[in-house]
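To start, the structure under review is shown below, and the notes come after it.
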There are 2 protein chains.
Amino acid sequence: MNFRFEVIKECPQTGARLGRLTTPHGVADTPVFMPVGTQATVKTMTPDEVAGLGARIILSNTYHLYLRPGADIIQEAGGLHRFMNWPGIILTDSGGFQVFSLGELRKIEEEGVTFRSHLDGSTHFLSPEKSIQIQMSLGADIIMAFDECTPYPCSYEYAKASLERTTRWARRCQAVHTRSDQALFGIVQGGVFPKLREQSAHELVELDFPGYGIGGLSVGEPKPLMYEMLECTVPLLPQHRPRYLMGVGSPDCLVEGVSRGIDMFDCVLPTRIARNGTAMTSRGKLVIRNAIYARDFQPIDPECSCYTCQNYTRAYIRHLLKANEVLALRLMTTHNLFYLLNLMQQMRDALNENRFPAFRKNFWEQYSMDTKTKKEA
Amino acid sequence: MNFRFEVIKECPQTGARLGRLTTPHGVADTPVFMPVGTQATVKTMTPDEVAGLGARIILSNTYHLYLRPGADIIQEAGGLHRFMNWPGIILTDSGGFQVFSLGELRKIEEEGVTFRSHLDGSTHFLSPEKSIQIQMSLGADIIMAFDECTPYPCSYEYAKASLERTTRWARRCQAVHTRSDQALFGIVQGGVFPKLREQSAHELVELDFPGYGIGGLSVGEPKPLMYEMLECTVPLLPQHRPRYLMGVGSPDCLVEGVSRGIDMFDCVLPTRIARNGTAMTSRGKLVIRNAIYARDFQPIDPECSCYTCQNYTRAYIRHLLKANEVLALRLMTTHNLFYLLNLMQQMRDALNENRFPAFRKNFWEQYSMDTKTKKEA
């Protein structure tokens, strides 16, 4: 097995921990944030740039790559790492989340999910077996079991039936997964019901996965409820296996997730809001698109040391955004990814230096959940 | 005067020459190709990348910057170089070409041109005086006189009246231009009529500009006609002043323009066709978007040493193009600009080593005017 996870240090006052993930494509220190490269590219960035910002793992989407360019082409290219020129670690999701998000375009049965492509309306079928086969073709270092991500809100009965099917599907995924250079993670579901989260965790831990995703959160429920689910789920997962909170990437949720023992995160948030013209900073969000920045010749964040903040003003970036220039998307994405990856580095440093609780307190003293106006910024 | 141009070497067999342009923002060896940064950005690229590809001068558009973000904001930022973070040389056009291209949205009179913005339909007025004032605010190293670019075809009578007005406008431009750190170039017009090109050249040379644009070409006329116009115009321009063939950027026209004594070129062609998925190579164009490249795991040009060709396959770039990913635009732009800037470097090397005619012959032996299909490529 080419996959290893070590817990290096634990915070005595919180659930936070410092760890290290070893894979065939390198090592990542945890807690780690994984930028999303949906279509075999972290939008607007070269792989060199993504690595230069400190990213060690990226996530790519099985659903999207299966539809375009097709898993066969990526396999012919020598796998996803070579196809996209990313020498670091890759995690692929199972496609489950995307096909369940298709709403009326999909039909769930015990065998799998029939769905229609968002690209051309063509009909496809995805099952645990097929998802794993595709993920084996893509060749990521970490792959995910095919699960159902239940929506919020969702009835107790539906969430229970669904998590039980997710367990059966997880078993089917294990049965067909044969690549020893890939780690297959299970995914805990159970909606917002502590009892169901417990049931799901117990069933999956019994299957002994090398790592566990926590799915079905950050789908619309209030944040305190998400934190409660982490508090009842994480303690049931094996101490020496990585825990991956799926689809979560706002700065506050990263800090609170780490505090509750999460090791891995992914989210389109930093890159998506970047392209909409919103910057992440240690004080909260700045909507650089706003007219108040038209003559503001400061960097996005005067304290930031990213390439964007070292070289460009808010006024220039706003101009590029208004003019629909690609460089705007690049500069914004660079800044937001730098900010989030740097936040993770700061958490790892704090854990390493036994001062994580002080770091967390300080984070909350500075951070505002509201979008900042110019005066405050 | 901070502007100097030296002719270093002349090719005895052709009109080609090696030169050097010295400006307040550095030195450029000529013949030189200037990438276009219409809206204060060379589309998809950072300034560092543009410089890294070997560009020393970029062109930016007065019309576009005047409308958005406005010359006042760029002046407040400390000028265009600082606004866009480009430390190299900048040339701005006069805005004339863009307003004349507006067709029914503009009205030409002796005083100037009334036009409606392509962005919001608002009414504006551009005159020789106003164009120079805007260009002084922007602060480029080389600025252009406000001229009328006549279309093709165009009657002798119209072309004659127009070039005479262009001369009167050139005089008005000189009268208001006061920045000693900027060189103001005149622009030779006269359509496709040798007699009118001659008249225009004579009138403008009398005004003693530090450099001369040749305008109104590459507007739809056959290439041999353009070459004929160069052959009758260039000999009338002062030997020790740079000659700038405006809006020309196809590889064959660069080679033939240099052969006829042109020192400077600009064109959106390499960056625009890049974004449409067409690559420039020494053998001609490749339409990377085509389905024949879906499983082609070679670089765009196996002999090219650009970042794109060193790291990515045709199949991957085609996937990114089909998926509308920004990285495709970057990789294609990088390749095309590298190709053109490298072609200019090769011409300068050939001139320096007294082998330009052989270079030109070799270029034409390899180059095809047709778009290549896979087999040929």
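Chain labels run A, B, ... following the order of the structure tokens; each chain numbers its residues from 1, and ligands are numbered from 1 in the order shown.
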* To do: Just need the residues of chain A within 7 Å of chain B, counting only C-alpha atoms, so spit them out as a PyMOL selection string.
  => chain A and resi 43-46+69+73+77+83-85+295+297+311-312+316+319+325-327
* Please provide the set of residues having any atom within 10 Å of Pro153 in chain B, restricted to only C-alpha atoms, with same-chain residues fewer than 4 positions apart removed, written as an MDAnalysis selection string. => chainID B and resid 159 191:192 219:221
* Structure fact -> Of A:Thr167, A:Asn2, A:Thr14, A:Gln310, the one nearest to Gly257 in chain A when counting only C-alpha atoms is A:Thr14
* Can you check which residues of range 116-317 of chain A DSSP gives as alpha helix (DSSP H) on the backbone and send them as a PyMOL selection string? => chain A and resi 128-138+156-176+194-206+223-233+251-259+269-275+307-311+314-317
* To do: With a distance cut-off of 9 Å and only C-alpha atoms, select the neighbouring residues of His124 in chain B, excluding the residue or stretch itself and same-chain residues fewer than 6 positions from it, and output the selection as a VMD selection string.
  => chain B and resid 113 to 117
* **In range 95-275 of chain B, DSSP strand (DSSP E) residues written as an MDAnalysis selection string** => chainID B and resid 106:108 113:116 123:126 142:144 183:188 212:214 243:245 264:266
* In Å, how far is it from CA of Arg360 in chain B to CA of Gly277 in chain B? -> 27.2 Å
